[in-house]
Amino acid sequence: MISHTSLQWQSSDWQSILQSAIRHSTELLQAVGVSPNSVTAITGEASGFPILAPKPFVSRIEYGNPQDPLLLQVLALKEEMTPNQGGMTDPLEEKRFTPVPGIIHKYFGRVLLMTSGSCAVNCRYCFRRHNDYGSNILTPARLTDALAYLRSQTDVTEVILSGGDPLLTSDRKLSELINQLETIPHIQRLRIHTRLPIVIPQRITPELCEQLGRSRFQVTIVVHCNHPQEIDAEVGLAMAHLNAQGVTLLNQSVLLKNINNSAETLEALSVELFRIGVLPYYLHTLDPVQGAAHFYQPLSDSKRVHQTLQARLPGYLVPKLVSEIPGSASKTLIY
Ligand code: SF4
């Protein structure tokens, strides 16, 4: 049995940490001291989305608490099997916006490169949980076409590395990709959307920091943190290393029922993020993805929570409440 005190990940490199991630509900419950009788856990395979929970993240789960907000983000529950009306497998209709494999081009001036087909954690609410990454991932064979597309789109000034989690790419491969992107003169900014610095902060290696620091691009990293309990000293250290390289750090969260749908929790999250050098950026409403309806919170409640947040925090600590509507020219602000 793995207990909190025996989680020896601190001295390992990030690939080994990833390899030793928890992949079964029984193992996960055992690690956090929760009785299987107190939750309706199922295997990830049963719902078509495997369990994947890296130990640095698991170590922040409160021992013995079946309602822990971090545990509920990674544990597959029976509710995932309930068919939900309106639940989709591609809620953002991203297939429509794929001009060449490996690219999503939805918004003016910005292009997503699907750099990796997997993540370091499988978040149960993920809108890409049904994604067929195989057909739309940037493989070496597809890179030439993707770069040719970017060269042809002279109004594109920002490239966003997405996935899956783009930081699952090795430092060497990432460096090669950035070097190639830097040869395209109209691209000025590089943005990386990643949950890795939160779930395995050891991913922020000196090599990665050096690469980002010397890039000709203005680099932004958007981390994905939903709850203040996800932030510990290691995460703070990772952010400090990135900050030291002049990387702009932003956060996006998803508003999730029973996880972070209270003004108190979101206020604490904003304050903690700012303390470690990260600005709150977006608070997303949940996309209507099949298998995640139990995280849904009505829009009227989301607005109320956000209004309370606005009343309690300075403007720069209030993330924008947004929805993604397929076909819109940008994210849709909710007031
Ligand atoms: S890290 Fe992001 S893309 Fe990966 S499973 Fe979680 S929400 Fe989905």
# chains A, B, ... in the order shown; residues from 1 in each chain; ligands from 1
call {"tool": "closest_atom_pairs", "arguments": {"of": "stretch 35-111 of chain A", "to": "stretch 14-20 of chain A", "cutoff": "9 Å", "atoms": "only C-alpha atoms", "output": "CSV"}}
result
residue,atom,partner,partner_atom,distance
A:Ala53,CA,A:Leu18,CA,8.7
A:Pro54,CA,A:Leu18,CA,6.1
A:Lys55,CA,A:Ile17,CA,7.2
A:Pro56,CA,A:Ile17,CA,8.1
call {"tool": "write_last_selection", "arguments": {"atoms": "N, CA, C and O atoms", "output": "short mmCIF file (atom, residue, chain, number, x, y, z; two decimals), in the first residue's frame"}}
result
data_model
loop_
_atom_site.label_atom_id
_atom_site.label_comp_id
_atom_site.auth_asym_id
_atom_site.auth_seq_id
_atom_site.Cartn_x
_atom_site.Cartn_y
_atom_site.Cartn_z
N ALA A 53 -3.27 9.28 -12.40
CA ALA A 53 -3.10 10.25 -11.31
C ALA A 53 -1.65 10.21 -10.83
O ALA A 53 -1.25 9.27 -10.14
N PRO A 54 -0.83 11.21 -11.19
CA PRO A 54 0.57 11.18 -10.76
C PRO A 54 0.71 11.41 -9.25
O PRO A 54 -0.08 12.14 -8.64
N LYS A 55 1.72 10.81 -8.68
CA LYS A 55 1.83 10.81 -7.21
C LYS A 55 2.06 12.19 -6.57
O LYS A 55 1.57 12.43 -5.47
N PRO A 56 2.76 13.11 -7.24
CA PRO A 56 2.85 14.43 -6.59
C PRO A 56 1.47 15.04 -6.37
O PRO A 56 1.21 15.68 -5.35
#
call {"tool": "residues_around", "arguments": {"residues": "A:Asn37", "least_positions_apart": "5", "cutoff": "12 Å", "atoms": "only C-alpha atoms", "output": "list in words"}}
result
Thr26, Leu29, Gln30, Ile42 and Pro66 of chain A
call {"tool": "write_last_selection", "arguments": {"atoms": "all heavy atoms", "output": "short mmCIF file (atom, residue, chain, number, x, y, z; two decimals), in the first residue's frame"}}
result
data_model
loop_
_atom_site.label_atom_id
_atom_site.label_comp_id
_atom_site.auth_asym_id
_atom_site.auth_seq_id
_atom_site.Cartn_x
_atom_site.Cartn_y
_atom_site.Cartn_z
N THR A 26 -8.70 1.18 -7.41
CA THR A 26 -8.42 0.50 -6.14
C THR A 26 -7.11 1.03 -5.55
O THR A 26 -7.03 1.34 -4.35
CB THR A 26 -8.29 -1.02 -6.38
OG1 THR A 26 -9.31 -1.42 -7.27
CG2 THR A 26 -8.35 -1.80 -5.09
N LEU A 29 -7.61 4.66 -4.28
CA LEU A 29 -8.32 4.74 -3.00
C LEU A 29 -7.44 4.28 -1.85
O LEU A 29 -7.45 4.86 -0.76
CB LEU A 29 -9.61 3.91 -3.07
CG LEU A 29 -10.68 4.48 -4.01
CD1 LEU A 29 -11.86 3.53 -4.14
CD2 LEU A 29 -11.16 5.85 -3.52
N GLN A 30 -6.67 3.24 -2.11
CA GLN A 30 -5.76 2.73 -1.08
C GLN A 30 -4.71 3.79 -0.72
O GLN A 30 -4.41 4.01 0.45
CB GLN A 30 -5.05 1.51 -1.64
CG GLN A 30 -4.98 0.36 -0.67
CD GLN A 30 -4.48 -0.88 -1.35
OE1 GLN A 30 -3.65 -0.81 -2.28
NE2 GLN A 30 -4.92 -2.03 -0.90
N ILE A 42 -15.48 3.40 -10.19
CA ILE A 42 -15.45 2.38 -11.25
C ILE A 42 -14.05 2.41 -11.84
O ILE A 42 -13.26 3.33 -11.55
CB ILE A 42 -16.48 2.69 -12.37
CG1 ILE A 42 -16.27 4.11 -12.93
CG2 ILE A 42 -17.89 2.50 -11.87
CD1 ILE A 42 -17.04 4.40 -14.19
N PRO A 66 -13.20 11.03 1.41
CA PRO A 66 -13.77 10.61 0.12
C PRO A 66 -14.29 11.78 -0.72
O PRO A 66 -14.52 11.63 -1.91
CB PRO A 66 -14.93 9.68 0.54
CG PRO A 66 -15.24 10.01 1.94
CD PRO A 66 -14.00 10.57 2.56
#
call {"tool": "select_by_dssp", "arguments": {"residues": "stretch 237-324 of chain A", "states": "alpha helix (DSSP H)", "output": "short mmCIF file (atom, residue, chain, number, x, y, z; two decimals) with all heavy atoms, in the first residue's frame"}}
result
data_model
loop_
_atom_site.label_atom_id
_atom_site.label_comp_id
_atom_site.auth_asym_id
_atom_site.auth_seq_id
_atom_site.Cartn_x
_atom_site.Cartn_y
_atom_site.Cartn_z
N LEU A 237 7.97 26.52 -6.54
CA LEU A 237 9.35 26.55 -7.03
C LEU A 237 9.40 26.50 -8.55
O LEU A 237 10.15 27.25 -9.20
CB LEU A 237 10.09 25.34 -6.45
CG LEU A 237 11.60 25.39 -6.40
CD1 LEU A 237 12.07 26.56 -5.57
CD2 LEU A 237 12.15 24.07 -5.83
N ALA A 238 8.57 25.64 -9.14
CA ALA A 238 8.50 25.55 -10.60
C ALA A 238 8.13 26.90 -11.20
O ALA A 238 8.72 27.35 -12.19
CB ALA A 238 7.49 24.47 -11.02
N MET A 239 7.17 27.56 -10.60
CA MET A 239 6.73 28.86 -11.13
C MET A 239 7.84 29.90 -10.98
O MET A 239 8.04 30.75 -11.85
CB MET A 239 5.46 29.33 -10.39
CG MET A 239 4.29 28.44 -10.56
SD MET A 239 3.87 28.18 -12.30
CE MET A 239 3.29 26.52 -12.22
N ALA A 240 8.56 29.83 -9.86
CA ALA A 240 9.66 30.79 -9.65
C ALA A 240 10.72 30.62 -10.74
O ALA A 240 11.26 31.61 -11.26
CB ALA A 240 10.26 30.58 -8.26
N HIS A 241 11.03 29.37 -11.11
CA HIS A 241 12.03 29.13 -12.17
C HIS A 241 11.56 29.72 -13.50
O HIS A 241 12.34 30.30 -14.24
CB HIS A 241 12.27 27.63 -12.33
CG HIS A 241 13.04 27.01 -11.20
ND1 HIS A 241 14.15 27.60 -10.66
CD2 HIS A 241 12.85 25.86 -10.51
CE1 HIS A 241 14.62 26.83 -9.68
NE2 HIS A 241 13.84 25.77 -9.56
N LEU A 242 10.27 29.55 -13.80
CA LEU A 242 9.75 30.09 -15.06
C LEU A 242 9.72 31.61 -15.03
O LEU A 242 10.08 32.28 -16.00
CB LEU A 242 8.34 29.53 -15.32
CG LEU A 242 8.30 28.04 -15.67
CD1 LEU A 242 6.88 27.51 -15.63
CD2 LEU A 242 8.92 27.79 -17.05
N ASN A 243 9.30 32.16 -13.90
CA ASN A 243 9.29 33.62 -13.75
C ASN A 243 10.67 34.21 -13.96
O ASN A 243 10.82 35.27 -14.57
CB ASN A 243 8.79 33.97 -12.35
CG ASN A 243 7.37 34.49 -12.39
OD1 ASN A 243 6.99 35.16 -13.34
ND2 ASN A 243 6.59 34.16 -11.38
N ALA A 244 11.67 33.51 -13.45
CA ALA A 244 13.05 34.02 -13.56
C ALA A 244 13.49 34.12 -15.02
O ALA A 244 14.43 34.86 -15.34
CB ALA A 244 13.99 33.11 -12.77
N ALA A 263 -17.27 30.82 -3.85
CA ALA A 263 -16.45 32.04 -3.93
C ALA A 263 -15.25 31.94 -3.00
O ALA A 263 -14.16 32.40 -3.33
CB ALA A 263 -17.30 33.25 -3.60
N GLU A 264 -15.42 31.29 -1.83
CA GLU A 264 -14.31 31.16 -0.86
C GLU A 264 -13.15 30.38 -1.49
O GLU A 264 -11.99 30.77 -1.40
CB GLU A 264 -14.77 30.44 0.41
CG GLU A 264 -15.72 31.21 1.31
CD GLU A 264 -17.14 31.28 0.75
OE1 GLU A 264 -17.48 30.45 -0.13
OE2 GLU A 264 -17.88 32.18 1.17
N THR A 265 -13.48 29.26 -2.13
CA THR A 265 -12.44 28.43 -2.73
C THR A 265 -11.74 29.18 -3.87
O THR A 265 -10.50 29.17 -3.97
CB THR A 265 -13.06 27.11 -3.28
OG1 THR A 265 -13.70 26.45 -2.20
CG2 THR A 265 -12.01 26.21 -3.89
N LEU A 266 -12.52 29.83 -4.71
CA LEU A 266 -11.92 30.52 -5.85
C LEU A 266 -11.12 31.74 -5.42
O LEU A 266 -10.10 32.08 -6.02
CB LEU A 266 -13.00 30.91 -6.86
CG LEU A 266 -13.64 29.71 -7.57
CD1 LEU A 266 -14.85 30.13 -8.39
CD2 LEU A 266 -12.62 28.99 -8.46
N GLU A 267 -11.57 32.38 -4.34
CA GLU A 267 -10.82 33.51 -3.80
C GLU A 267 -9.45 33.02 -3.30
O GLU A 267 -8.41 33.60 -3.61
CB GLU A 267 -11.60 34.16 -2.66
CG GLU A 267 -10.89 35.37 -2.06
CD GLU A 267 -11.68 35.98 -0.89
OE1 GLU A 267 -12.80 35.54 -0.60
OE2 GLU A 267 -11.12 36.90 -0.26
N ALA A 268 -9.50 31.92 -2.55
CA ALA A 268 -8.23 31.37 -2.04
C ALA A 268 -7.33 30.93 -3.19
O ALA A 268 -6.10 31.11 -3.13
CB ALA A 268 -8.54 30.18 -1.12
N LEU A 269 -7.93 30.39 -4.25
CA LEU A 269 -7.13 29.98 -5.41
C LEU A 269 -6.43 31.19 -6.05
O LEU A 269 -5.23 31.15 -6.32
CB LEU A 269 -8.03 29.27 -6.43
CG LEU A 269 -7.37 28.88 -7.76
CD1 LEU A 269 -6.20 27.92 -7.54
CD2 LEU A 269 -8.39 28.25 -8.72
N SER A 270 -7.18 32.27 -6.27
CA SER A 270 -6.58 33.46 -6.89
C SER A 270 -5.44 34.01 -6.04
O SER A 270 -4.37 34.38 -6.55
CB SER A 270 -7.64 34.55 -7.07
OG SER A 270 -8.43 34.28 -8.20
N VAL A 271 -5.65 34.05 -4.74
CA VAL A 271 -4.64 34.61 -3.83
C VAL A 271 -3.38 33.74 -3.85
O VAL A 271 -2.25 34.24 -3.94
CB VAL A 271 -5.22 34.74 -2.40
CG1 VAL A 271 -4.14 35.04 -1.38
CG2 VAL A 271 -6.29 35.83 -2.37
N GLU A 272 -3.58 32.42 -3.81
CA GLU A 272 -2.44 31.49 -3.83
C GLU A 272 -1.68 31.58 -5.16
O GLU A 272 -0.45 31.57 -5.20
CB GLU A 272 -2.94 30.04 -3.65
CG GLU A 272 -2.95 29.57 -2.23
CD GLU A 272 -1.57 29.63 -1.59
OE1 GLU A 272 -0.77 28.71 -1.81
OE2 GLU A 272 -1.29 30.61 -0.87
N LEU A 273 -2.43 31.63 -6.25
CA LEU A 273 -1.79 31.72 -7.57
C LEU A 273 -0.93 32.98 -7.64
O LEU A 273 0.23 32.94 -8.09
CB LEU A 273 -2.85 31.76 -8.68
CG LEU A 273 -3.55 30.44 -8.99
CD1 LEU A 273 -4.80 30.70 -9.85
CD2 LEU A 273 -2.62 29.47 -9.71
N PHE A 274 -1.49 34.09 -7.19
CA PHE A 274 -0.74 35.35 -7.28
C PHE A 274 0.51 35.30 -6.40
O PHE A 274 1.56 35.82 -6.77
CB PHE A 274 -1.65 36.52 -6.88
CG PHE A 274 -1.03 37.86 -7.17
CD1 PHE A 274 -0.73 38.24 -8.47
CD2 PHE A 274 -0.73 38.73 -6.14
CE1 PHE A 274 -0.14 39.47 -8.75
CE2 PHE A 274 -0.14 39.96 -6.40
CZ PHE A 274 0.16 40.33 -7.70
N ARG A 275 0.37 34.64 -5.26
CA ARG A 275 1.52 34.52 -4.35
C ARG A 275 2.70 33.82 -5.04
O ARG A 275 3.86 34.15 -4.80
CB ARG A 275 1.10 33.74 -3.09
CG ARG A 275 2.16 33.65 -2.00
CD ARG A 275 1.70 32.80 -0.83
NE ARG A 275 1.47 31.41 -1.17
CZ ARG A 275 2.42 30.51 -1.36
NH1 ARG A 275 3.68 30.85 -1.22
NH2 ARG A 275 2.12 29.26 -1.67
N LEU A 299 -25.74 27.74 -14.78
CA LEU A 299 -25.11 29.02 -15.12
C LEU A 299 -25.45 30.11 -14.11
O LEU A 299 -24.60 30.94 -13.77
CB LEU A 299 -25.56 29.43 -16.53
CG LEU A 299 -24.75 30.53 -17.20
CD1 LEU A 299 -23.27 30.17 -17.30
CD2 LEU A 299 -25.31 30.84 -18.57
N SER A 300 -26.69 30.11 -13.62
CA SER A 300 -27.09 31.16 -12.67
C SER A 300 -26.22 31.07 -11.40
O SER A 300 -25.79 32.09 -10.85
CB SER A 300 -28.57 31.03 -12.31
OG SER A 300 -28.82 29.71 -11.88
N ASP A 301 -25.89 29.83 -10.97
CA ASP A 301 -25.02 29.66 -9.79
C ASP A 301 -23.60 30.13 -10.10
O ASP A 301 -22.93 30.75 -9.27
CB ASP A 301 -24.97 28.19 -9.35
CG ASP A 301 -26.31 27.73 -8.81
OD1 ASP A 301 -27.19 28.59 -8.59
OD2 ASP A 301 -26.48 26.51 -8.63
N SER A 302 -23.13 29.82 -11.31
CA SER A 302 -21.77 30.24 -11.70
C SER A 302 -21.66 31.75 -11.68
O SER A 302 -20.67 32.31 -11.20
CB SER A 302 -21.44 29.73 -13.10
OG SER A 302 -21.60 28.35 -13.17
N LYS A 303 -22.70 32.42 -12.19
CA LYS A 303 -22.68 33.89 -12.22
C LYS A 303 -22.66 34.44 -10.80
O LYS A 303 -21.94 35.40 -10.51
CB LYS A 303 -23.93 34.41 -12.94
CG LYS A 303 -23.89 34.27 -14.44
CD LYS A 303 -25.15 34.92 -14.98
CE LYS A 303 -25.31 34.69 -16.44
NZ LYS A 303 -26.59 35.20 -16.95
N ARG A 304 -23.44 33.83 -9.93
CA ARG A 304 -23.51 34.31 -8.54
C ARG A 304 -22.13 34.17 -7.87
O ARG A 304 -21.65 35.10 -7.22
CB ARG A 304 -24.56 33.51 -7.77
CG ARG A 304 -25.24 34.32 -6.71
CD ARG A 304 -26.41 33.69 -6.00
NE ARG A 304 -26.67 32.29 -6.26
CZ ARG A 304 -27.66 31.85 -7.03
NH1 ARG A 304 -28.46 32.70 -7.64
NH2 ARG A 304 -27.87 30.56 -7.21
N VAL A 305 -21.50 33.04 -8.07
CA VAL A 305 -20.18 32.81 -7.48
C VAL A 305 -19.19 33.85 -8.02
O VAL A 305 -18.41 34.45 -7.28
CB VAL A 305 -19.69 31.37 -7.81
CG1 VAL A 305 -18.21 31.21 -7.52
CG2 VAL A 305 -20.48 30.34 -7.02
N HIS A 306 -19.26 34.10 -9.34
CA HIS A 306 -18.33 35.04 -9.95
C HIS A 306 -18.56 36.46 -9.45
O HIS A 306 -17.61 37.22 -9.22
CB HIS A 306 -18.46 34.95 -11.49
CG HIS A 306 -17.34 35.63 -12.20
ND1 HIS A 306 -17.49 36.81 -12.88
CD2 HIS A 306 -16.02 35.29 -12.32
CE1 HIS A 306 -16.33 37.18 -13.39
NE2 HIS A 306 -15.42 36.28 -13.07
N GLN A 307 -19.84 36.82 -9.28
CA GLN A 307 -20.13 38.17 -8.78
C GLN A 307 -19.58 38.35 -7.36
O GLN A 307 -19.04 39.40 -7.02
CB GLN A 307 -21.64 38.42 -8.80
CG GLN A 307 -22.14 38.79 -10.19
CD GLN A 307 -23.63 38.57 -10.38
OE1 GLN A 307 -24.34 38.20 -9.44
NE2 GLN A 307 -24.10 38.78 -11.60
N THR A 308 -19.70 37.32 -6.55
CA THR A 308 -19.15 37.40 -5.19
C THR A 308 -17.63 37.56 -5.25
O THR A 308 -17.04 38.35 -4.52
CB THR A 308 -19.51 36.12 -4.39
OG1 THR A 308 -20.89 35.90 -4.51
CG2 THR A 308 -19.15 36.25 -2.93
N LEU A 309 -17.03 36.84 -6.17
CA LEU A 309 -15.57 36.92 -6.34
C LEU A 309 -15.17 38.35 -6.71
O LEU A 309 -14.21 38.90 -6.17
CB LEU A 309 -15.18 35.94 -7.45
CG LEU A 309 -13.79 35.34 -7.42
CD1 LEU A 309 -13.53 34.61 -6.12
CD2 LEU A 309 -13.62 34.38 -8.60
N GLN A 310 -15.95 38.94 -7.61
CA GLN A 310 -15.65 40.32 -8.05
C GLN A 310 -15.76 41.29 -6.89
O GLN A 310 -15.00 42.26 -6.80
CB GLN A 310 -16.63 40.73 -9.15
CG GLN A 310 -16.21 40.22 -10.51
CD GLN A 310 -17.19 40.63 -11.59
OE1 GLN A 310 -18.39 40.46 -11.44
NE2 GLN A 310 -16.67 41.18 -12.66
N ALA A 311 -16.71 41.03 -5.99
CA ALA A 311 -16.91 41.95 -4.87
C ALA A 311 -15.81 41.81 -3.82
O ALA A 311 -15.59 42.71 -3.01
CB ALA A 311 -18.27 41.68 -4.24
N ARG A 312 -15.12 40.68 -3.83
CA ARG A 312 -14.15 40.42 -2.76
C ARG A 312 -12.70 40.61 -3.15
O ARG A 312 -11.82 40.72 -2.29
CB ARG A 312 -14.33 38.98 -2.24
CG ARG A 312 -15.59 38.83 -1.41
CD ARG A 312 -16.10 37.43 -1.38
NE ARG A 312 -15.34 36.59 -0.50
CZ ARG A 312 -15.90 35.74 0.36
NH1 ARG A 312 -17.21 35.68 0.47
NH2 ARG A 312 -15.16 34.98 1.10
#
call {"tool": "residues_near_ligand", "arguments": {"ligand": "ligand 1", "cutoff": "12 Å", "atoms": "only C-alpha atoms and all ligand atoms", "output": "JSON, numbers by chain"}}
result
{"A": [49, 50, 51, 52, 53, 54, 73, 74, 114, 115, 116, 117, 118, 119, 120, 121, 122, 123, 124, 125, 126, 127, 128, 129, 130, 131, 133, 161, 162, 163, 164, 165, 166, 167, 168, 192, 193, 194, 195, 196, 197, 198, 199, 200, 222, 223, 224, 225, 226, 252, 253, 254, 255, 256, 284, 286, 287, 289, 292]}
call {"tool": "select_by_dssp", "arguments": {"residues": "stretch 70-131 of chain A", "states": "strand (DSSP E)", "output": "list in words"}}
result
Ile103, Ile104, Arg110, Val111, Leu112, Leu113 and Met114 of chain A
call {"tool": "write_last_selection", "arguments": {"atoms": "N, CA, C and O atoms", "output": "JSON list (two decimals), in the first residue's frame"}}
result
[["chain", "number", "residue", "atom", "x", "y", "z"],
["A", 103, "ILE", "N", -3.25, 20.59, -36.40],
["A", 103, "ILE", "CA", -3.52, 22.02, -36.20],
["A", 103, "ILE", "C", -5.01, 22.25, -35.95],
["A", 103, "ILE", "O", -5.86, 21.63, -36.59],
["A", 104, "ILE", "N", -5.31, 23.12, -35.00],
["A", 104, "ILE", "CA", -6.68, 23.63, -34.86],
["A", 104, "ILE", "C", -6.60, 25.14, -35.04],
["A", 104, "ILE", "O", -5.84, 25.82, -34.35],
["A", 110, "ARG", "N", -4.41, 33.28, -34.15],
["A", 110, "ARG", "CA", -3.85, 32.27, -33.25],
["A", 110, "ARG", "C", -4.12, 30.87, -33.79],
["A", 110, "ARG", "O", -5.20, 30.62, -34.31],
["A", 111, "VAL", "N", -3.15, 30.01, -33.61],
["A", 111, "VAL", "CA", -3.29, 28.63, -34.10],
["A", 111, "VAL", "C", -2.84, 27.67, -33.00],
["A", 111, "VAL", "O", -1.84, 27.92, -32.31],
["A", 112, "LEU", "N", -3.60, 26.59, -32.83],
["A", 112, "LEU", "CA", -3.23, 25.56, -31.85],
["A", 112, "LEU", "C", -2.44, 24.46, -32.55],
["A", 112, "LEU", "O", -2.88, 23.95, -33.58],
["A", 113, "LEU", "N", -1.31, 24.09, -31.98],
["A", 113, "LEU", "CA", -0.57, 22.91, -32.46],
["A", 113, "LEU", "C", -0.82, 21.79, -31.47],
["A", 113, "LEU", "O", -0.50, 21.92, -30.29],
["A", 114, "MET", "N", -1.37, 20.69, -31.96],
["A", 114, "MET", "CA", -1.68, 19.56, -31.07],
["A", 114, "MET", "C", -0.40, 18.73, -30.89],
["A", 114, "MET", "O", -0.15, 17.76, -31.59]]
call {"tool": "residues_around", "arguments": {"residues": "A:Leu317", "least_positions_apart": "2", "cutoff": "6 Å", "atoms": "only C-alpha atoms", "output": "list in words"}}
result
Ser270, Pro280, Pro314 and Gly315 of chain A
call {"tool": "closest_residue", "arguments": {"among": "A:Ile184, A:Leu138, A:Ala329, A:Ile231", "to": "A:Thr98", "atoms": "only C-alpha atoms"}}
result
A:Leu138
call {"tool": "closest_residue", "arguments": {"among": "A:Glu324, A:Asp145, A:Glu182, A:Glu80", "to": "A:Leu212", "atoms": "only C-alpha atoms"}}
result
A:Glu182
call {"tool": "closest_residue", "arguments": {"among": "A:Pro326, A:Arg60, A:Ala76, A:Leu71", "to": "A:Val235", "atoms": "only C-alpha atoms"}}
result
A:Arg60
call {"tool": "residues_around", "arguments": {"residues": "A:Arg151", "least_positions_apart": "4", "cutoff": "12 Å", "atoms": "only C-alpha atoms", "output": "JSON, numbers by chain"}}
result
{"A": [111, 144, 145, 146, 147, 155, 156, 157, 159, 180, 181, 182, 183, 184, 185, 186, 187]}
call {"tool": "write_last_selection", "arguments": {"atoms": "all heavy atoms", "output": "compact mmCIF listing (two decimals), in the first residue's frame"}}
result
# COMPACT_ATOMS: atom_id res chain seq x y z
N VAL A 111 -3.15 30.01 -33.61
CA VAL A 111 -3.29 28.63 -34.10
C VAL A 111 -2.84 27.67 -33.00
O VAL A 111 -1.84 27.92 -32.31
CB VAL A 111 -2.43 28.45 -35.38
CG1 VAL A 111 -2.06 27.01 -35.58
CG2 VAL A 111 -3.17 28.97 -36.60
N THR A 144 5.98 18.88 -41.42
CA THR A 144 6.28 19.67 -42.62
C THR A 144 5.02 20.39 -43.11
O THR A 144 5.05 21.60 -43.39
CB THR A 144 6.84 18.76 -43.73
OG1 THR A 144 7.90 17.99 -43.16
CG2 THR A 144 7.38 19.55 -44.90
N ASP A 145 3.92 19.65 -43.18
CA ASP A 145 2.66 20.26 -43.65
C ASP A 145 2.17 21.32 -42.67
O ASP A 145 1.66 22.37 -43.07
CB ASP A 145 1.57 19.18 -43.79
CG ASP A 145 1.78 18.34 -45.03
OD1 ASP A 145 2.65 18.71 -45.86
OD2 ASP A 145 1.11 17.30 -45.16
N ALA A 146 2.33 21.03 -41.38
CA ALA A 146 1.87 21.99 -40.36
C ALA A 146 2.68 23.28 -40.46
O ALA A 146 2.12 24.38 -40.41
CB ALA A 146 1.99 21.37 -38.97
N LEU A 147 3.98 23.15 -40.62
CA LEU A 147 4.83 24.35 -40.72
C LEU A 147 4.51 25.12 -42.01
O LEU A 147 4.48 26.36 -42.02
CB LEU A 147 6.32 23.97 -40.68
CG LEU A 147 6.81 23.44 -39.32
CD1 LEU A 147 8.22 22.88 -39.44
CD2 LEU A 147 6.78 24.54 -38.25
N ASP A 155 -1.26 36.17 -41.11
CA ASP A 155 -1.88 36.93 -40.01
C ASP A 155 -1.79 36.18 -38.67
O ASP A 155 -2.23 36.70 -37.64
CB ASP A 155 -3.33 37.30 -40.34
CG ASP A 155 -4.17 36.09 -40.72
OD1 ASP A 155 -3.64 34.96 -40.66
OD2 ASP A 155 -5.35 36.27 -41.09
N VAL A 156 -1.20 35.01 -38.68
CA VAL A 156 -1.04 34.28 -37.41
C VAL A 156 0.20 34.81 -36.68
O VAL A 156 1.31 34.74 -37.19
CB VAL A 156 -0.91 32.76 -37.65
CG1 VAL A 156 -0.45 32.04 -36.38
CG2 VAL A 156 -2.24 32.18 -38.11
N THR A 157 -0.02 35.37 -35.50
CA THR A 157 1.10 35.93 -34.74
C THR A 157 1.39 35.13 -33.47
O THR A 157 2.38 35.37 -32.79
CB THR A 157 0.81 37.40 -34.34
OG1 THR A 157 -0.46 37.44 -33.69
CG2 THR A 157 0.81 38.32 -35.54
N VAL A 159 1.36 31.13 -31.70
CA VAL A 159 1.19 29.68 -31.77
C VAL A 159 0.98 29.16 -30.35
O VAL A 159 1.70 29.54 -29.42
CB VAL A 159 2.40 29.00 -32.43
CG1 VAL A 159 2.39 27.50 -32.19
CG2 VAL A 159 2.40 29.28 -33.92
N GLN A 180 12.15 25.56 -34.99
CA GLN A 180 11.54 25.62 -36.32
C GLN A 180 10.47 26.71 -36.39
O GLN A 180 10.38 27.43 -37.38
CB GLN A 180 10.94 24.26 -36.69
CG GLN A 180 12.03 23.30 -37.13
CD GLN A 180 11.51 21.91 -37.38
OE1 GLN A 180 10.93 21.31 -36.49
NE2 GLN A 180 11.71 21.41 -38.58
N LEU A 181 9.71 26.84 -35.34
CA LEU A 181 8.68 27.90 -35.33
C LEU A 181 9.33 29.28 -35.39
O LEU A 181 8.78 30.21 -35.99
CB LEU A 181 7.82 27.78 -34.06
CG LEU A 181 6.91 26.54 -33.97
CD1 LEU A 181 6.28 26.44 -32.59
CD2 LEU A 181 5.83 26.59 -35.06
N GLU A 182 10.49 29.40 -34.77
CA GLU A 182 11.17 30.71 -34.74
C GLU A 182 11.63 31.16 -36.13
O GLU A 182 11.91 32.34 -36.34
CB GLU A 182 12.36 30.66 -33.78
CG GLU A 182 11.91 30.75 -32.32
CD GLU A 182 13.06 30.62 -31.33
OE1 GLU A 182 14.11 30.06 -31.70
OE2 GLU A 182 12.88 31.05 -30.18
N THR A 183 11.69 30.22 -37.09
CA THR A 183 12.09 30.62 -38.45
C THR A 183 10.92 31.26 -39.21
O THR A 183 11.11 31.73 -40.33
CB THR A 183 12.60 29.41 -39.26
OG1 THR A 183 11.50 28.49 -39.45
CG2 THR A 183 13.76 28.70 -38.59
N ILE A 184 9.74 31.25 -38.65
CA ILE A 184 8.57 31.85 -39.34
C ILE A 184 8.41 33.28 -38.83
O ILE A 184 8.03 33.51 -37.67
CB ILE A 184 7.29 31.01 -39.06
CG1 ILE A 184 7.53 29.56 -39.50
CG2 ILE A 184 6.10 31.62 -39.78
CD1 ILE A 184 6.41 28.59 -39.18
N PRO A 185 8.73 34.26 -39.69
CA PRO A 185 8.88 35.63 -39.18
C PRO A 185 7.63 36.24 -38.55
O PRO A 185 7.74 37.02 -37.61
CB PRO A 185 9.28 36.43 -40.44
CG PRO A 185 9.45 35.46 -41.54
CD PRO A 185 8.99 34.12 -41.11
N HIS A 186 6.41 35.91 -39.07
CA HIS A 186 5.22 36.59 -38.53
C HIS A 186 4.78 36.05 -37.17
O HIS A 186 3.91 36.63 -36.53
CB HIS A 186 4.05 36.56 -39.53
CG HIS A 186 3.77 35.20 -40.10
ND1 HIS A 186 4.36 34.74 -41.24
CD2 HIS A 186 2.97 34.21 -39.68
CE1 HIS A 186 3.92 33.52 -41.52
NE2 HIS A 186 3.08 33.16 -40.57
N ILE A 187 5.36 34.94 -36.71
CA ILE A 187 4.98 34.44 -35.38
C ILE A 187 5.81 35.18 -34.33
O ILE A 187 7.03 35.20 -34.38
CB ILE A 187 5.19 32.92 -35.27
CG1 ILE A 187 4.30 32.21 -36.31
CG2 ILE A 187 4.83 32.41 -33.88
CD1 ILE A 187 4.54 30.73 -36.40
call {"tool": "residues_around", "arguments": {"residues": "A:Lys331", "least_positions_apart": "6", "cutoff": "10 Å", "atoms": "only C-alpha atoms", "output": "list in words"}}
result
Tyr107, Tyr282, His284, Leu321, Val322, Ser323, Glu324 and Ile325 of chain A
